[in-house]
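Below is the file query.txt, which contains compact mmCIF, N, CA and C atoms and all ligand atoms.
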# COMPACT_ATOMS: atom_id res chain seq x y z
N MET A 1 69.25 107.06 30.04
CA MET A 1 67.95 106.51 30.49
C MET A 1 67.28 105.76 29.34
N PRO A 2 66.74 104.60 29.63
CA PRO A 2 66.06 103.86 28.54
C PRO A 2 64.83 104.61 28.03
N LEU A 3 64.60 104.45 26.74
CA LEU A 3 63.47 105.10 26.08
C LEU A 3 62.36 104.06 25.89
N TYR A 4 61.15 104.43 26.23
CA TYR A 4 60.03 103.50 26.08
C TYR A 4 58.94 104.07 25.19
N ASP A 5 58.23 103.18 24.55
CA ASP A 5 57.06 103.58 23.78
C ASP A 5 55.82 103.25 24.59
N TYR A 6 54.95 104.23 24.70
CA TYR A 6 53.68 104.02 25.38
C TYR A 6 52.54 104.32 24.42
N ALA A 7 51.44 103.61 24.58
CA ALA A 7 50.24 103.92 23.82
C ALA A 7 49.20 104.43 24.80
N CYS A 8 48.48 105.48 24.41
CA CYS A 8 47.43 106.03 25.26
C CYS A 8 46.10 105.39 24.87
N LEU A 9 45.50 104.65 25.79
CA LEU A 9 44.24 103.97 25.49
C LEU A 9 43.08 104.96 25.39
N ASP A 10 43.19 106.07 26.10
CA ASP A 10 42.13 107.09 26.00
C ASP A 10 42.15 107.75 24.63
N CYS A 11 43.37 108.11 24.16
CA CYS A 11 43.48 108.71 22.83
C CYS A 11 43.01 107.72 21.77
N LEU A 12 43.36 106.46 21.96
CA LEU A 12 42.98 105.44 20.99
C LEU A 12 41.46 105.29 20.96
N SER A 13 40.88 105.27 22.13
CA SER A 13 39.44 105.11 22.19
C SER A 13 38.72 106.32 21.59
N LYS A 14 39.29 107.53 21.79
CA LYS A 14 38.71 108.73 21.17
C LYS A 14 38.88 108.69 19.65
N LEU A 15 40.05 108.23 19.22
CA LEU A 15 40.31 108.12 17.78
C LEU A 15 39.31 107.17 17.12
N ILE A 16 39.06 106.04 17.76
CA ILE A 16 38.12 105.07 17.21
C ILE A 16 36.71 105.66 17.15
N GLU A 17 36.35 106.38 18.21
CA GLU A 17 35.03 107.02 18.21
C GLU A 17 34.91 108.06 17.10
N ARG A 18 35.99 108.84 16.92
CA ARG A 18 35.99 109.90 15.92
C ARG A 18 35.89 109.32 14.51
N LEU A 19 36.66 108.25 14.28
CA LEU A 19 36.68 107.66 12.95
C LEU A 19 35.42 106.84 12.67
N GLY A 20 34.90 106.22 13.72
CA GLY A 20 33.75 105.34 13.55
C GLY A 20 34.11 104.06 12.81
N ARG A 21 35.38 103.76 12.77
CA ARG A 21 35.85 102.53 12.13
C ARG A 21 37.18 102.16 12.76
N GLU A 22 37.69 101.03 12.36
CA GLU A 22 38.97 100.59 12.88
C GLU A 22 40.09 101.46 12.30
N PRO A 23 40.94 102.06 13.14
CA PRO A 23 42.01 102.91 12.61
C PRO A 23 43.07 102.11 11.87
N THR A 24 43.71 102.75 10.92
CA THR A 24 44.82 102.11 10.22
C THR A 24 46.03 102.12 11.16
N ASP A 25 47.05 101.36 10.80
CA ASP A 25 48.26 101.32 11.63
C ASP A 25 48.85 102.72 11.79
N GLN A 26 48.81 103.47 10.70
CA GLN A 26 49.37 104.82 10.72
C GLN A 26 48.57 105.72 11.67
N GLU A 27 47.24 105.58 11.60
CA GLU A 27 46.40 106.40 12.48
C GLU A 27 46.61 106.02 13.95
N ARG A 28 46.80 104.74 14.19
CA ARG A 28 47.03 104.28 15.56
C ARG A 28 48.32 104.86 16.13
N ALA A 29 49.29 105.10 15.24
CA ALA A 29 50.58 105.61 15.70
C ALA A 29 50.44 106.98 16.35
N GLU A 30 49.34 107.70 16.05
CA GLU A 30 49.08 108.99 16.70
C GLU A 30 48.93 108.84 18.21
N CYS A 31 48.55 107.66 18.65
CA CYS A 31 48.27 107.45 20.07
C CYS A 31 49.50 106.97 20.83
N VAL A 32 50.65 106.93 20.13
CA VAL A 32 51.86 106.44 20.78
C VAL A 32 52.78 107.59 21.11
N PHE A 33 53.40 107.53 22.26
CA PHE A 33 54.39 108.55 22.60
C PHE A 33 55.62 107.87 23.21
N GLU A 34 56.74 108.56 23.10
CA GLU A 34 57.99 108.04 23.65
C GLU A 34 58.25 108.71 24.98
N THR A 35 58.81 107.95 25.90
CA THR A 35 59.10 108.54 27.19
C THR A 35 60.35 107.89 27.76
N ARG A 36 61.03 108.61 28.64
CA ARG A 36 62.24 108.08 29.26
C ARG A 36 61.97 107.76 30.72
N LEU A 37 62.52 106.66 31.16
CA LEU A 37 62.38 106.27 32.56
C LEU A 37 63.74 105.84 33.10
N PRO A 38 64.08 106.28 34.32
CA PRO A 38 65.32 105.78 34.92
C PRO A 38 65.19 104.28 35.22
N MET A 39 66.30 103.60 35.47
CA MET A 39 66.26 102.16 35.70
C MET A 39 65.39 101.79 36.90
N ASN A 40 65.48 102.54 37.96
CA ASN A 40 64.65 102.25 39.14
C ASN A 40 63.79 103.46 39.47
N PRO A 41 62.74 103.65 38.69
CA PRO A 41 61.95 104.87 38.85
C PRO A 41 61.13 104.87 40.14
N THR A 42 60.94 106.04 40.69
CA THR A 42 60.03 106.19 41.83
C THR A 42 58.61 106.20 41.26
N PRO A 43 57.60 105.93 42.12
CA PRO A 43 56.22 105.98 41.62
C PRO A 43 55.88 107.31 40.96
N LYS A 44 56.45 108.40 41.49
CA LYS A 44 56.20 109.72 40.92
C LYS A 44 56.78 109.81 39.50
N GLU A 45 57.99 109.29 39.33
CA GLU A 45 58.63 109.32 38.00
C GLU A 45 57.85 108.47 37.00
N VAL A 46 57.36 107.31 37.48
CA VAL A 46 56.57 106.45 36.60
C VAL A 46 55.31 107.19 36.16
N LYS A 47 54.66 107.84 37.12
CA LYS A 47 53.42 108.54 36.83
C LYS A 47 53.67 109.65 35.81
N GLU A 48 54.75 110.40 36.00
CA GLU A 48 55.07 111.48 35.06
C GLU A 48 55.38 110.94 33.67
N ALA A 49 56.15 109.84 33.63
CA ALA A 49 56.58 109.30 32.35
C ALA A 49 55.42 108.65 31.59
N CYS A 50 54.46 108.09 32.34
CA CYS A 50 53.36 107.35 31.70
C CYS A 50 52.20 108.26 31.31
N CYS A 51 52.27 109.51 31.69
CA CYS A 51 51.17 110.42 31.43
C CYS A 51 51.15 110.79 29.94
N CYS A 52 50.00 110.67 29.31
CA CYS A 52 49.89 110.97 27.89
C CYS A 52 50.11 112.46 27.64
N PRO A 53 51.08 112.83 26.79
CA PRO A 53 51.36 114.25 26.55
C PRO A 53 50.23 114.95 25.81
N THR A 54 49.37 114.19 25.15
CA THR A 54 48.27 114.78 24.39
C THR A 54 47.07 115.10 25.27
N CYS A 55 46.63 114.12 26.07
CA CYS A 55 45.40 114.34 26.84
C CYS A 55 45.61 114.26 28.34
N GLY A 56 46.82 113.91 28.78
CA GLY A 56 47.08 113.87 30.21
C GLY A 56 46.57 112.62 30.92
N SER A 57 46.07 111.67 30.14
CA SER A 57 45.54 110.44 30.73
C SER A 57 46.67 109.55 31.26
N LEU A 58 46.35 108.82 32.32
CA LEU A 58 47.32 107.84 32.83
C LEU A 58 46.94 106.43 32.41
N ASP A 59 45.90 106.34 31.59
CA ASP A 59 45.46 105.04 31.10
C ASP A 59 46.28 104.68 29.87
N THR A 60 47.56 104.39 30.11
CA THR A 60 48.48 104.13 29.01
C THR A 60 49.10 102.74 29.17
N GLU A 61 49.58 102.21 28.08
CA GLU A 61 50.18 100.89 28.09
C GLU A 61 51.57 100.96 27.51
N ARG A 62 52.51 100.28 28.15
CA ARG A 62 53.86 100.27 27.61
C ARG A 62 53.96 99.27 26.47
N LEU A 63 54.56 99.70 25.38
CA LEU A 63 54.79 98.80 24.25
C LEU A 63 56.25 98.36 24.32
N LEU A 64 56.50 97.11 24.08
CA LEU A 64 57.88 96.63 24.22
C LEU A 64 58.77 97.19 23.13
N ASN A 65 58.23 97.43 21.97
CA ASN A 65 58.96 98.20 20.96
C ASN A 65 57.94 98.82 20.03
N ALA A 66 58.42 99.68 19.16
CA ALA A 66 57.49 100.47 18.35
C ALA A 66 56.61 99.59 17.46
N SER A 67 57.08 98.40 17.13
CA SER A 67 56.28 97.54 16.25
C SER A 67 55.01 97.07 16.94
N GLY A 68 55.00 97.15 18.27
CA GLY A 68 53.82 96.75 19.04
C GLY A 68 52.59 97.51 18.63
N ILE A 69 52.78 98.74 18.19
CA ILE A 69 51.65 99.58 17.82
C ILE A 69 50.86 98.98 16.68
N ILE A 70 51.54 98.25 15.82
CA ILE A 70 50.88 97.68 14.67
C ILE A 70 49.83 96.66 15.10
N ALA A 71 50.11 96.00 16.20
CA ALA A 71 49.17 94.98 16.69
C ALA A 71 48.07 95.59 17.53
N LEU A 72 48.26 96.83 17.93
CA LEU A 72 47.30 97.47 18.80
C LEU A 72 45.91 97.43 18.17
N VAL A 73 44.98 96.86 18.86
CA VAL A 73 43.59 96.74 18.42
C VAL A 73 43.39 95.70 17.32
N ARG A 74 44.42 95.43 16.52
CA ARG A 74 44.23 94.43 15.48
C ARG A 74 43.85 93.10 16.15
N GLY A 75 42.82 92.49 15.64
CA GLY A 75 42.42 91.21 16.21
C GLY A 75 41.43 91.35 17.35
N VAL A 76 41.27 92.57 17.85
CA VAL A 76 40.25 92.78 18.87
C VAL A 76 38.89 92.55 18.22
N ASN A 77 38.00 92.00 18.98
CA ASN A 77 36.65 91.81 18.46
C ASN A 77 36.03 93.19 18.26
N TRP A 78 36.07 93.64 17.01
CA TRP A 78 35.69 95.00 16.67
C TRP A 78 34.26 95.32 17.08
N GLU A 79 33.34 94.42 16.80
CA GLU A 79 31.94 94.64 17.15
C GLU A 79 31.77 94.77 18.67
N GLU A 80 32.48 93.90 19.36
CA GLU A 80 32.41 93.90 20.83
C GLU A 80 32.89 95.25 21.37
N TYR A 81 33.97 95.75 20.77
CA TYR A 81 34.52 97.01 21.22
C TYR A 81 33.56 98.17 20.90
N ARG A 82 32.95 98.14 19.73
CA ARG A 82 32.07 99.23 19.33
C ARG A 82 30.83 99.30 20.20
N ARG A 83 30.36 98.14 20.63
CA ARG A 83 29.19 98.12 21.50
C ARG A 83 29.52 98.70 22.87
N ASN A 84 30.76 98.52 23.28
CA ASN A 84 31.14 98.98 24.60
C ASN A 84 32.53 99.59 24.56
N PRO A 85 32.62 100.87 24.10
CA PRO A 85 33.92 101.50 23.91
C PRO A 85 34.69 101.69 25.22
N GLN A 86 34.00 101.66 26.35
CA GLN A 86 34.70 101.85 27.61
C GLN A 86 35.47 100.60 28.01
N ASN A 87 35.14 99.50 27.39
CA ASN A 87 35.79 98.24 27.74
C ASN A 87 37.13 98.12 27.03
N LYS A 88 38.18 98.35 27.78
CA LYS A 88 39.50 98.34 27.16
C LYS A 88 40.19 97.00 27.37
N SER A 89 39.50 96.08 28.01
CA SER A 89 40.17 94.82 28.32
C SER A 89 40.53 94.05 27.05
N ALA A 90 39.71 94.21 26.01
CA ALA A 90 40.00 93.52 24.76
C ALA A 90 41.29 94.04 24.15
N MET A 91 41.49 95.36 24.23
CA MET A 91 42.72 95.96 23.71
C MET A 91 43.92 95.47 24.49
N ARG A 92 43.77 95.47 25.81
CA ARG A 92 44.89 95.04 26.66
C ARG A 92 45.24 93.59 26.36
N ARG A 93 44.20 92.77 26.24
CA ARG A 93 44.40 91.35 26.00
C ARG A 93 45.13 91.14 24.67
N ASP A 94 44.73 91.90 23.69
CA ASP A 94 45.33 91.76 22.39
C ASP A 94 46.79 92.18 22.36
N MET A 95 47.07 93.27 23.06
CA MET A 95 48.45 93.72 23.11
C MET A 95 49.31 92.70 23.84
N ALA A 96 48.78 92.15 24.92
CA ALA A 96 49.52 91.15 25.68
C ALA A 96 49.78 89.92 24.82
N LEU A 97 48.77 89.54 24.06
CA LEU A 97 48.88 88.37 23.19
C LEU A 97 49.94 88.59 22.11
N HIS A 98 49.90 89.76 21.50
CA HIS A 98 50.87 90.08 20.46
C HIS A 98 52.29 90.07 21.02
N GLN A 99 52.47 90.69 22.18
CA GLN A 99 53.80 90.76 22.77
C GLN A 99 54.29 89.38 23.14
N LEU A 100 53.38 88.56 23.61
CA LEU A 100 53.75 87.19 23.98
C LEU A 100 54.29 86.44 22.76
N GLN A 101 53.66 86.68 21.63
CA GLN A 101 54.04 85.91 20.44
C GLN A 101 55.19 86.51 19.65
N THR A 102 55.45 87.81 19.81
CA THR A 102 56.50 88.42 18.99
C THR A 102 57.64 89.04 19.79
N ASP A 103 57.32 89.66 20.91
CA ASP A 103 58.34 90.40 21.65
C ASP A 103 58.43 89.96 23.11
N ASP A 104 58.22 88.70 23.36
CA ASP A 104 58.18 88.21 24.74
C ASP A 104 59.54 88.32 25.42
N PRO A 105 59.66 89.21 26.43
CA PRO A 105 60.96 89.37 27.08
C PRO A 105 61.36 88.14 27.90
N TYR A 106 60.37 87.27 28.21
CA TYR A 106 60.66 86.10 29.06
C TYR A 106 60.87 84.84 28.24
N LYS A 107 60.91 85.02 26.90
CA LYS A 107 61.00 83.88 26.00
C LYS A 107 62.08 82.85 26.40
N PRO A 108 63.31 83.33 26.72
CA PRO A 108 64.35 82.33 27.05
C PRO A 108 64.03 81.52 28.30
N TYR A 109 63.12 82.02 29.13
CA TYR A 109 62.84 81.34 30.40
C TYR A 109 61.57 80.50 30.36
N ARG A 110 60.85 80.56 29.24
CA ARG A 110 59.59 79.82 29.15
C ARG A 110 59.85 78.33 28.96
N GLU A 111 58.96 77.56 29.52
CA GLU A 111 59.04 76.11 29.32
C GLU A 111 58.32 75.76 28.02
N PRO A 112 58.66 74.60 27.41
CA PRO A 112 57.96 74.22 26.16
C PRO A 112 56.45 74.16 26.37
N GLY A 113 55.71 74.77 25.46
CA GLY A 113 54.25 74.74 25.55
C GLY A 113 53.66 75.86 26.39
N GLU A 114 54.53 76.54 27.16
CA GLU A 114 54.01 77.58 28.06
C GLU A 114 53.37 78.74 27.29
N VAL A 115 54.04 79.14 26.20
CA VAL A 115 53.52 80.26 25.40
C VAL A 115 52.14 79.91 24.83
N ASP A 116 52.02 78.70 24.27
CA ASP A 116 50.73 78.27 23.72
C ASP A 116 49.65 78.28 24.79
N ASP A 117 50.04 77.79 25.97
CA ASP A 117 49.08 77.74 27.07
C ASP A 117 48.64 79.15 27.47
N LEU A 118 49.63 80.06 27.61
CA LEU A 118 49.31 81.44 27.99
C LEU A 118 48.43 82.10 26.92
N ALA A 119 48.80 81.87 25.64
CA ALA A 119 48.04 82.46 24.54
C ALA A 119 46.60 81.96 24.57
N HIS A 120 46.45 80.67 24.81
CA HIS A 120 45.11 80.09 24.88
C HIS A 120 44.31 80.71 26.02
N ARG A 121 44.97 80.86 27.18
CA ARG A 121 44.27 81.43 28.33
C ARG A 121 43.93 82.90 28.12
N LEU A 122 44.81 83.63 27.42
CA LEU A 122 44.51 85.03 27.11
C LEU A 122 43.29 85.12 26.20
N ARG A 123 43.28 84.26 25.15
CA ARG A 123 42.17 84.30 24.20
C ARG A 123 40.86 83.92 24.84
N SER A 124 40.91 82.94 25.74
CA SER A 124 39.65 82.48 26.34
C SER A 124 39.23 83.36 27.51
N GLY A 125 40.12 84.32 27.87
CA GLY A 125 39.77 85.26 28.93
C GLY A 125 39.94 84.70 30.33
N THR A 126 40.60 83.55 30.46
CA THR A 126 40.80 82.99 31.80
C THR A 126 42.08 83.51 32.45
N LEU A 127 42.91 84.21 31.65
CA LEU A 127 44.12 84.83 32.23
C LEU A 127 43.89 86.33 32.30
N PRO A 128 43.77 86.86 33.50
CA PRO A 128 43.52 88.31 33.59
C PRO A 128 44.74 89.09 33.14
N VAL A 129 44.53 90.17 32.42
CA VAL A 129 45.63 91.03 32.00
C VAL A 129 45.73 92.14 33.03
N SER A 130 46.93 92.29 33.60
CA SER A 130 47.08 93.28 34.67
C SER A 130 46.89 94.68 34.13
N ASP A 131 46.47 95.57 35.02
CA ASP A 131 46.23 96.96 34.62
C ASP A 131 47.52 97.71 34.36
N ARG A 132 48.55 97.34 35.09
CA ARG A 132 49.82 98.04 34.92
C ARG A 132 50.91 97.02 34.67
N PRO A 133 51.94 97.43 33.89
CA PRO A 133 53.03 96.49 33.64
C PRO A 133 53.74 96.13 34.94
ZN ZN B 201 46.01 110.43 25.49

Could you rewrite the structure in this file as C-alpha cells?
Amino acid sequence: MPLYDYACLDCLSKLIERLGREPTDQERAECVFETRLPMNPTPKEVKEACCCPTCGSLDTERLLNASGIIALVRGVNWEEYRRNPQNKSAMRRDMALHQLQTDDPYKPYREPGEVDDLAHRLRSGTLPVSDRP
C-alpha cells in the first residue's frame, strides 16, 4: 500500500497559537503524520487514513512528499493568519502553490505558461483551493 504524508491543520494551528510565532520547519514537522492508503480506497478508508493520530481531526492535508512540510505556512501572510487563526485558506493556498512549483504531479501534462498562470491565480485568490485532494 502506498505511504502518504499528511499534515494536520488543526495541530498546526494549535502549535502556532501555543508558540505565538511562526514555527520552525522542525516544529512544523510535529504536525505531519504518515498513513497508508490502498490504491482505490473506500470513503471509510480515506476517513480513517486521514484522521490525525494526535488530535483526531479530519482537517488534514495530503503532502505530496515529506519535503512539502518545509513549505507549510512559509510565505503565508503571517499577520493575516494571526488576526484570524481560523482562516486556513492561506495555508492551503500556500501548500498548493508550493506543490505546483516543486512537486507538481501533472507537470508533464501542463501546457507552456499554465503553471505561471495557475500560480498567479492562486496568489491573487481567484483560484479556489479545494477542501479535499
Ligand atoms: Zn491533529

Please, which residues in chain A fall within 6.5 Å of ligand ZN 201 (chain B) when counting all atoms listed in the file, and what is the closest atom pair and distance in Å to one decimal for each, ordered by chain then residue number, as CSV?
residue,atom,partner,partner_atom,distance
A:Cys8,CA,B:ZN201,ZN,4.6
A:Leu9,N,B:ZN201,ZN,5.8
A:Asp10,C,B:ZN201,ZN,4.8
A:Cys11,N,B:ZN201,ZN,3.8
A:Leu12,N,B:ZN201,ZN,5.9
A:Cys52,CA,B:ZN201,ZN,4.6
A:Pro53,N,B:ZN201,ZN,5.8
A:Thr54,C,B:ZN201,ZN,4.8
A:Cys55,N,B:ZN201,ZN,3.8
A:Gly56,N,B:ZN201,ZN,4.9
A:Ser57,N,B:ZN201,ZN,4.8

Neighbour list for A:Ala119 as an mmCIF file with N, CA and C atoms, keeping the file's coordinate frame, cut-off 6.5 Å, all atoms listed in the file, skip fewer than 5 positions in-chain:
data_model
loop_
_atom_site.group_PDB
_atom_site.id
_atom_site.type_symbol
_atom_site.label_atom_id
_atom_site.label_comp_id
_atom_site.auth_asym_id
_atom_site.auth_seq_id
_atom_site.Cartn_x
_atom_site.Cartn_y
_atom_site.Cartn_z
ATOM 1 N N LEU A 97 48.770 89.540 24.060
ATOM 2 C CA LEU A 97 48.880 88.370 23.190
ATOM 3 C C LEU A 97 49.940 88.590 22.110
ATOM 4 N N GLU A 114 54.530 76.540 27.160
ATOM 5 C CA GLU A 114 54.010 77.580 28.060
ATOM 6 C C GLU A 114 53.370 78.740 27.290
ATOM 7 N N SER A 124 40.910 82.940 25.740
ATOM 8 C CA SER A 124 39.650 82.480 26.340
ATOM 9 C C SER A 124 39.230 83.360 27.510
#

### Task
Would you work out the distance separating atom N of A:Lys44 from atom CA of A:Leu58, expressed in Å to one decimal?
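Calculated distance between atom N of A:Lys44 and atom CA of A:Leu58 is 12.6 Å.
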
Point (55.7, 105.7, 31.8), cut-off 8 Å, counting only N, CA and C atoms, residues as a compact mmCIF listing (two decimals) with N, CA and C atoms, keeping the file's coordinate frame:
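Okay, this is what ended up in point-v8.txt:
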# COMPACT_ATOMS: atom_id res chain seq x y z
N TYR A 4 61.15 104.43 26.23
CA TYR A 4 60.03 103.50 26.08
C TYR A 4 58.94 104.07 25.19
N ASP A 5 58.23 103.18 24.55
CA ASP A 5 57.06 103.58 23.78
C ASP A 5 55.82 103.25 24.59
N TYR A 6 54.95 104.23 24.70
CA TYR A 6 53.68 104.02 25.38
C TYR A 6 52.54 104.32 24.42
N GLU A 34 56.74 108.56 23.10
CA GLU A 34 57.99 108.04 23.65
C GLU A 34 58.25 108.71 24.98
N THR A 35 58.81 107.95 25.90
CA THR A 35 59.10 108.54 27.19
C THR A 35 60.35 107.89 27.76
N ARG A 36 61.03 108.61 28.64
CA ARG A 36 62.24 108.08 29.26
C ARG A 36 61.97 107.76 30.72
N LEU A 37 62.52 106.66 31.16
CA LEU A 37 62.38 106.27 32.56
C LEU A 37 63.74 105.84 33.10
N GLU A 45 57.99 109.29 39.33
CA GLU A 45 58.63 109.32 38.00
C GLU A 45 57.85 108.47 37.00
N VAL A 46 57.36 107.31 37.48
CA VAL A 46 56.57 106.45 36.60
C VAL A 46 55.31 107.19 36.16
N LYS A 47 54.66 107.84 37.12
CA LYS A 47 53.42 108.54 36.83
C LYS A 47 53.67 109.65 35.81
N GLU A 48 54.75 110.40 36.00
CA GLU A 48 55.07 111.48 35.06
C GLU A 48 55.38 110.94 33.67
N ALA A 49 56.15 109.84 33.63
CA ALA A 49 56.58 109.30 32.35
C ALA A 49 55.42 108.65 31.59
N CYS A 50 54.46 108.09 32.34
CA CYS A 50 53.36 107.35 31.70
C CYS A 50 52.20 108.26 31.31
N CYS A 51 52.27 109.51 31.69
CA CYS A 51 51.17 110.42 31.43
C CYS A 51 51.15 110.79 29.94
N CYS A 52 50.00 110.67 29.31
CA CYS A 52 49.89 110.97 27.89
C CYS A 52 50.11 112.46 27.64
N THR A 60 47.56 104.39 30.11
CA THR A 60 48.48 104.13 29.01
C THR A 60 49.10 102.74 29.17
N GLU A 61 49.58 102.21 28.08
CA GLU A 61 50.18 100.89 28.09
C GLU A 61 51.57 100.96 27.51
N ARG A 62 52.51 100.28 28.15
CA ARG A 62 53.86 100.27 27.61
C ARG A 62 53.96 99.27 26.47

### Task
Would you mind reading off the distance between atom N of A:Pro23 and atom N of A:Asp117, one decimal, in Å?
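Atom N of A:Asp117 lies at a distance of 28.9 Å from atom N of A:Pro23.
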
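Between A:Ala7 and the candidates A:Glu22, A:Asp104, A:Glu27, A:Asp59, the tightest atom-to-atom separation, counting only N, CA and C atoms, involves A:Asp59.
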
### Message
Under the rule that only C-alpha atoms are counted, which of A:Gly113, A:Asp103, A:Cys31, A:Arg93 is the nearest residue to A:Ser13?
### Response
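Of all the options, A:Cys31 lies closest to A:Ser13.
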
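Atom C of A:Gln99 lies 21.3 Å from atom CA of A:Glu30.
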
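Candidate residues A:Val115, A:Leu63, A:Pro108, A:Met39 were compared for distance to A:Pro2, and the nearest is A:Met39, using only N, CA and C atoms.
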
### Message
Just checking: using only C-alpha atoms, which residue out of A:Ala96, A:Leu15, A:Phe33, A:Lys107 ends up closest to A:Arg121?
### Response
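Between A:Ala96, A:Leu15, A:Phe33, A:Lys107, the residue approaching A:Arg121 most closely is A:Ala96.
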